[in-house]
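As provided, upload-v7.tsv (TSV, N, CA and C atoms) reads as follows.
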chain	number	residue	atom	x	y	z
A	22	MET	N	-12.40	28.83	7.95
A	22	MET	CA	-12.36	27.65	7.09
A	22	MET	C	-10.94	27.50	6.54
A	23	ARG	N	-10.44	26.28	6.61
A	23	ARG	CA	-9.08	26.03	6.12
A	23	ARG	C	-9.14	25.41	4.74
A	24	LEU	N	-8.19	25.77	3.94
A	24	LEU	CA	-8.07	25.18	2.61
A	24	LEU	C	-7.04	24.07	2.66
A	25	LEU	N	-7.34	22.99	1.98
A	25	LEU	CA	-6.37	21.89	1.88
A	25	LEU	C	-5.29	22.28	0.88
A	26	LEU	N	-4.06	22.04	1.25
A	26	LEU	CA	-2.97	22.35	0.34
A	26	LEU	C	-2.82	21.28	-0.73
A	27	ALA	N	-3.25	20.07	-0.41
A	27	ALA	CA	-3.17	18.97	-1.37
A	27	ALA	C	-4.52	18.23	-1.34
A	28	PRO	N	-4.96	17.73	-2.48
A	28	PRO	CA	-6.21	16.97	-2.50
A	28	PRO	C	-6.11	15.73	-1.60
A	29	PRO	N	-7.21	15.34	-0.97
A	29	PRO	CA	-7.19	14.19	-0.05
A	29	PRO	C	-6.65	12.90	-0.66
A	30	VAL	N	-6.97	12.62	-1.90
A	30	VAL	CA	-6.48	11.39	-2.52
A	30	VAL	C	-4.96	11.44	-2.65
A	31	ARG	N	-4.43	12.59	-2.96
A	31	ARG	CA	-2.96	12.72	-3.06
A	31	ARG	C	-2.32	12.52	-1.70
A	32	MET	N	-2.95	13.03	-0.64
A	32	MET	CA	-2.41	12.85	0.70
A	32	MET	C	-2.42	11.38	1.11
A	33	VAL	N	-3.51	10.70	0.82
A	33	VAL	CA	-3.61	9.28	1.15
A	33	VAL	C	-2.58	8.49	0.35
A	34	SER	N	-2.46	8.81	-0.92
A	34	SER	CA	-1.48	8.13	-1.77
A	34	SER	C	-0.07	8.32	-1.24
A	35	ALA	N	0.24	9.53	-0.80
A	35	ALA	CA	1.58	9.80	-0.26
A	35	ALA	C	1.81	9.00	1.02
A	36	ALA	N	0.78	8.92	1.86
A	36	ALA	CA	0.91	8.15	3.10
A	36	ALA	C	1.12	6.68	2.80
A	37	LEU	N	0.40	6.16	1.82
A	37	LEU	CA	0.54	4.75	1.46
A	37	LEU	C	1.89	4.48	0.81
A	38	TRP	N	2.38	5.42	0.04
A	38	TRP	CA	3.71	5.27	-0.55
A	38	TRP	C	4.77	5.20	0.56
A	39	LYS	N	4.59	6.02	1.60
A	39	LYS	CA	5.50	6.00	2.73
A	39	LYS	C	5.47	4.64	3.42
A	40	VAL	N	4.28	4.06	3.55
A	40	VAL	CA	4.13	2.72	4.13
A	40	VAL	C	4.96	1.72	3.33
A	41	MET	N	4.85	1.79	2.01
A	41	MET	CA	5.57	0.85	1.15
A	41	MET	C	7.08	1.08	1.23
A	42	LYS	N	7.52	2.34	1.22
A	42	LYS	CA	8.96	2.63	1.29
A	42	LYS	C	9.57	2.15	2.60
A	43	GLN	N	8.80	2.30	3.69
A	43	GLN	CA	9.30	1.91	4.99
A	43	GLN	C	9.06	0.43	5.28
A	44	ARG	N	8.40	-0.25	4.36
A	44	ARG	CA	8.08	-1.68	4.51
A	44	ARG	C	7.34	-1.94	5.83
A	45	ASP	N	6.34	-1.10	6.09
A	45	ASP	CA	5.53	-1.23	7.30
A	45	ASP	C	4.48	-2.30	7.06
A	46	VAL	N	4.87	-3.54	7.28
A	46	VAL	CA	4.05	-4.71	6.95
A	46	VAL	C	2.69	-4.67	7.64
A	47	MET	N	2.66	-4.10	8.81
A	47	MET	CA	1.41	-4.07	9.57
A	47	MET	C	0.34	-3.25	8.86
A	48	LEU	N	0.73	-2.37	7.97
A	48	LEU	CA	-0.23	-1.53	7.25
A	48	LEU	C	-0.45	-1.96	5.80
A	49	TYR	N	0.12	-3.08	5.38
A	49	TYR	CA	-0.07	-3.54	4.00
A	49	TYR	C	-1.53	-3.83	3.71
A	50	GLY	N	-2.30	-4.24	4.71
A	50	GLY	CA	-3.73	-4.46	4.51
A	50	GLY	C	-4.45	-3.18	4.13
A	51	VAL	N	-4.02	-2.06	4.68
A	51	VAL	CA	-4.61	-0.76	4.34
A	51	VAL	C	-4.31	-0.42	2.89
A	52	VAL	N	-3.08	-0.70	2.46
A	52	VAL	CA	-2.69	-0.45	1.07
A	52	VAL	C	-3.55	-1.31	0.15
A	53	GLU	N	-3.73	-2.57	0.50
A	53	GLU	CA	-4.55	-3.48	-0.31
A	53	GLU	C	-5.98	-2.97	-0.41
A	54	GLU	N	-6.55	-2.54	0.70
A	54	GLU	CA	-7.91	-2.01	0.69
A	54	GLU	C	-8.01	-0.76	-0.18
A	55	PHE	N	-7.01	0.11	-0.12
A	55	PHE	CA	-7.03	1.33	-0.92
A	55	PHE	C	-6.97	1.01	-2.41
A	56	VAL	N	-6.07	0.11	-2.78
A	56	VAL	CA	-5.95	-0.26	-4.20
A	56	VAL	C	-7.28	-0.85	-4.70
A	57	THR	N	-7.85	-1.74	-3.91
A	57	THR	CA	-9.11	-2.38	-4.32
A	57	THR	C	-10.23	-1.36	-4.43
A	58	SER	N	-10.40	-0.51	-3.42
A	58	SER	CA	-11.50	0.45	-3.45
A	58	SER	C	-11.30	1.51	-4.53
A	59	ALA	N	-10.04	1.93	-4.75
A	59	ALA	CA	-9.78	2.91	-5.80
A	59	ALA	C	-10.10	2.34	-7.17
A	60	CYS	N	-9.77	1.07	-7.38
A	60	CYS	CA	-10.05	0.44	-8.68
A	60	CYS	C	-11.54	0.20	-8.87
A	61	GLU	N	-12.27	-0.04	-7.78
A	61	GLU	CA	-13.73	-0.19	-7.88
A	61	GLU	C	-14.39	1.16	-8.14
A	62	THR	N	-13.85	2.21	-7.54
A	62	THR	CA	-14.43	3.55	-7.69
A	62	THR	C	-14.14	4.14	-9.06
A	63	VAL	N	-12.93	3.90	-9.56
A	63	VAL	CA	-12.51	4.46	-10.84
A	63	VAL	C	-12.15	3.31	-11.78
A	64	PRO	N	-13.16	2.78	-12.47
A	64	PRO	CA	-12.86	1.69	-13.41
A	64	PRO	C	-11.83	2.13	-14.45
A	65	GLY	N	-10.89	1.25	-14.72
A	65	GLY	CA	-9.85	1.56	-15.70
A	65	GLY	C	-8.64	2.26	-15.10
A	66	LEU	N	-8.68	2.52	-13.79
A	66	LEU	CA	-7.53	3.15	-13.14
A	66	LEU	C	-6.29	2.29	-13.30
A	67	LEU	N	-6.45	1.00	-13.05
A	67	LEU	CA	-5.41	0.02	-13.29
A	67	LEU	C	-6.00	-1.11	-14.12
A	68	THR	N	-5.19	-1.74	-14.91
A	68	THR	CA	-5.68	-2.93	-15.61
A	68	THR	C	-5.85	-4.03	-14.57
A	69	VAL	N	-6.63	-5.02	-14.91
A	69	VAL	CA	-6.83	-6.15	-14.01
A	69	VAL	C	-5.49	-6.81	-13.70
A	70	ARG	N	-4.64	-6.88	-14.71
A	70	ARG	CA	-3.31	-7.47	-14.53
A	70	ARG	C	-2.47	-6.69	-13.54
A	71	HIS	N	-2.44	-5.35	-13.68
A	71	HIS	CA	-1.65	-4.53	-12.76
A	71	HIS	C	-2.20	-4.61	-11.34
A	72	GLN	N	-3.52	-4.54	-11.20
A	72	GLN	CA	-4.11	-4.65	-9.88
A	72	GLN	C	-3.77	-6.01	-9.26
A	73	GLY	N	-3.87	-7.05	-10.06
A	73	GLY	CA	-3.53	-8.39	-9.58
A	73	GLY	C	-2.08	-8.50	-9.15
A	74	ASN	N	-1.19	-7.89	-9.93
A	74	ASN	CA	0.24	-7.91	-9.59
A	74	ASN	C	0.50	-7.22	-8.25
A	75	ILE	N	-0.12	-6.07	-8.04
A	75	ILE	CA	0.06	-5.34	-6.78
A	75	ILE	C	-0.44	-6.16	-5.61
A	76	LEU	N	-1.66	-6.68	-5.74
A	76	LEU	CA	-2.25	-7.44	-4.64
A	76	LEU	C	-1.48	-8.74	-4.40
A	77	PHE	N	-0.99	-9.36	-5.47
A	77	PHE	CA	-0.20	-10.58	-5.32
A	77	PHE	C	1.11	-10.27	-4.58
A	78	PHE	N	1.76	-9.18	-4.96
A	78	PHE	CA	3.00	-8.78	-4.29
A	78	PHE	C	2.76	-8.56	-2.80
A	79	LEU	N	1.69	-7.82	-2.48
A	79	LEU	CA	1.40	-7.55	-1.06
A	79	LEU	C	1.15	-8.84	-0.30
A	80	ALA	N	0.44	-9.77	-0.91
A	80	ALA	CA	0.13	-11.04	-0.25
A	80	ALA	C	1.39	-11.90	-0.09
A	81	MET	N	2.28	-11.85	-1.05
A	81	MET	CA	3.48	-12.68	-1.00
A	81	MET	C	4.55	-12.11	-0.08
A	82	ILE	N	4.73	-10.81	-0.10
A	82	ILE	CA	5.83	-10.20	0.64
A	82	ILE	C	5.49	-10.02	2.11
A	83	SER	N	4.23	-9.86	2.45
A	83	SER	CA	3.84	-9.62	3.84
A	83	SER	C	4.32	-10.71	4.80
A	84	PRO	N	4.06	-11.99	4.55
A	84	PRO	CA	4.53	-13.02	5.49
A	84	PRO	C	6.06	-13.04	5.61
A	85	TRP	N	6.75	-12.83	4.50
A	85	TRP	CA	8.21	-12.83	4.51
A	85	TRP	C	8.75	-11.68	5.38
A	86	LEU	N	8.19	-10.48	5.19
A	86	LEU	CA	8.66	-9.34	5.97
A	86	LEU	C	8.29	-9.48	7.44
A	87	LEU	N	7.13	-10.06	7.73
A	87	LEU	CA	6.78	-10.30	9.14
A	87	LEU	C	7.77	-11.23	9.80
A	88	THR	N	8.19	-12.27	9.09
A	88	THR	CA	9.18	-13.20	9.62
A	88	THR	C	10.50	-12.48	9.86
A	89	GLU	N	10.92	-11.64	8.90
A	89	GLU	CA	12.15	-10.89	9.05
A	89	GLU	C	12.08	-9.96	10.25
A	90	ALA	N	10.94	-9.31	10.44
A	90	ALA	CA	10.76	-8.39	11.56
A	90	ALA	C	10.84	-9.13	12.89
A	91	GLU	N	10.24	-10.30	12.94
A	91	GLU	CA	10.28	-11.10	14.16
A	91	GLU	C	11.71	-11.52	14.47
A	92	ASN	N	12.49	-11.86	13.45
A	92	ASN	CA	13.89	-12.24	13.64
A	92	ASN	C	14.72	-11.05	14.14
A	93	ASP	N	14.39	-9.85	13.68
A	93	ASP	CA	15.12	-8.67	14.11
A	93	ASP	C	14.92	-8.38	15.59
A	94	PHE	N	13.72	-8.68	16.08
A	94	PHE	CA	13.41	-8.39	17.48
A	94	PHE	C	13.77	-9.55	18.42
A	95	ALA	N	14.13	-10.69	17.85
A	95	ALA	CA	14.45	-11.85	18.69
A	95	ALA	C	15.88	-11.81	19.20

Just dump the structure as structure tokens.
Amino acid sequence: MRLLLAPPVRMVSAALWKVMKQRDVMLYGVVEEFVTSACETVPGLLTVRHQGNILFFLAMISPWLLTEAENDFA
């Protein structure tokens, strides 16, 4: 039996942070799902305002970054 060196939530959080740092737009939906499910599972984890700000940012920046990525490959 193997022991985890880090709790699973911390590992997922680190992976999602890496997605955000690398601006991996294709995985922003995963980040959005994690934020939503974490806030549903742990009420009070984020205020409604903070959760809204995060989700709004993801929704606004995703199309812009996709356009930039397409321009880079063109």

**Study point:** Interatomic distance, atom C of A:Ile75 to atom C of A:Val63 (Å, one decimal)
**Key:** 16.3 Å

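With distances taken over only C-alpha atoms, A:Ile82 is the one residue among A:Val69, A:Ile82, A:Ala27, A:Met32 lying closest to A:Asp45.
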
Exercise for review: Among the residues of chain A, find those DSSP assigns to helix (DSSP H, G or I) from the backbone and print them as a PyMOL selection string.
Suggested key: chain A and resi 29-42+46-62+69-94

Practice item. Measure the distance from atom C of A:Leu48 to atom C of A:Ser34 in Å and round it to one decimal. Key: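 Between atom C of A:Leu48 and atom C of A:Ser34 the gap is 12.5 Å.
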
Exercise for review: For atom CA of A:Met47 and atom CA of A:Pro84, quote the distance in Å rounded to one decimal.
Suggested key: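 Interatomic distance here is 10.3 Å.
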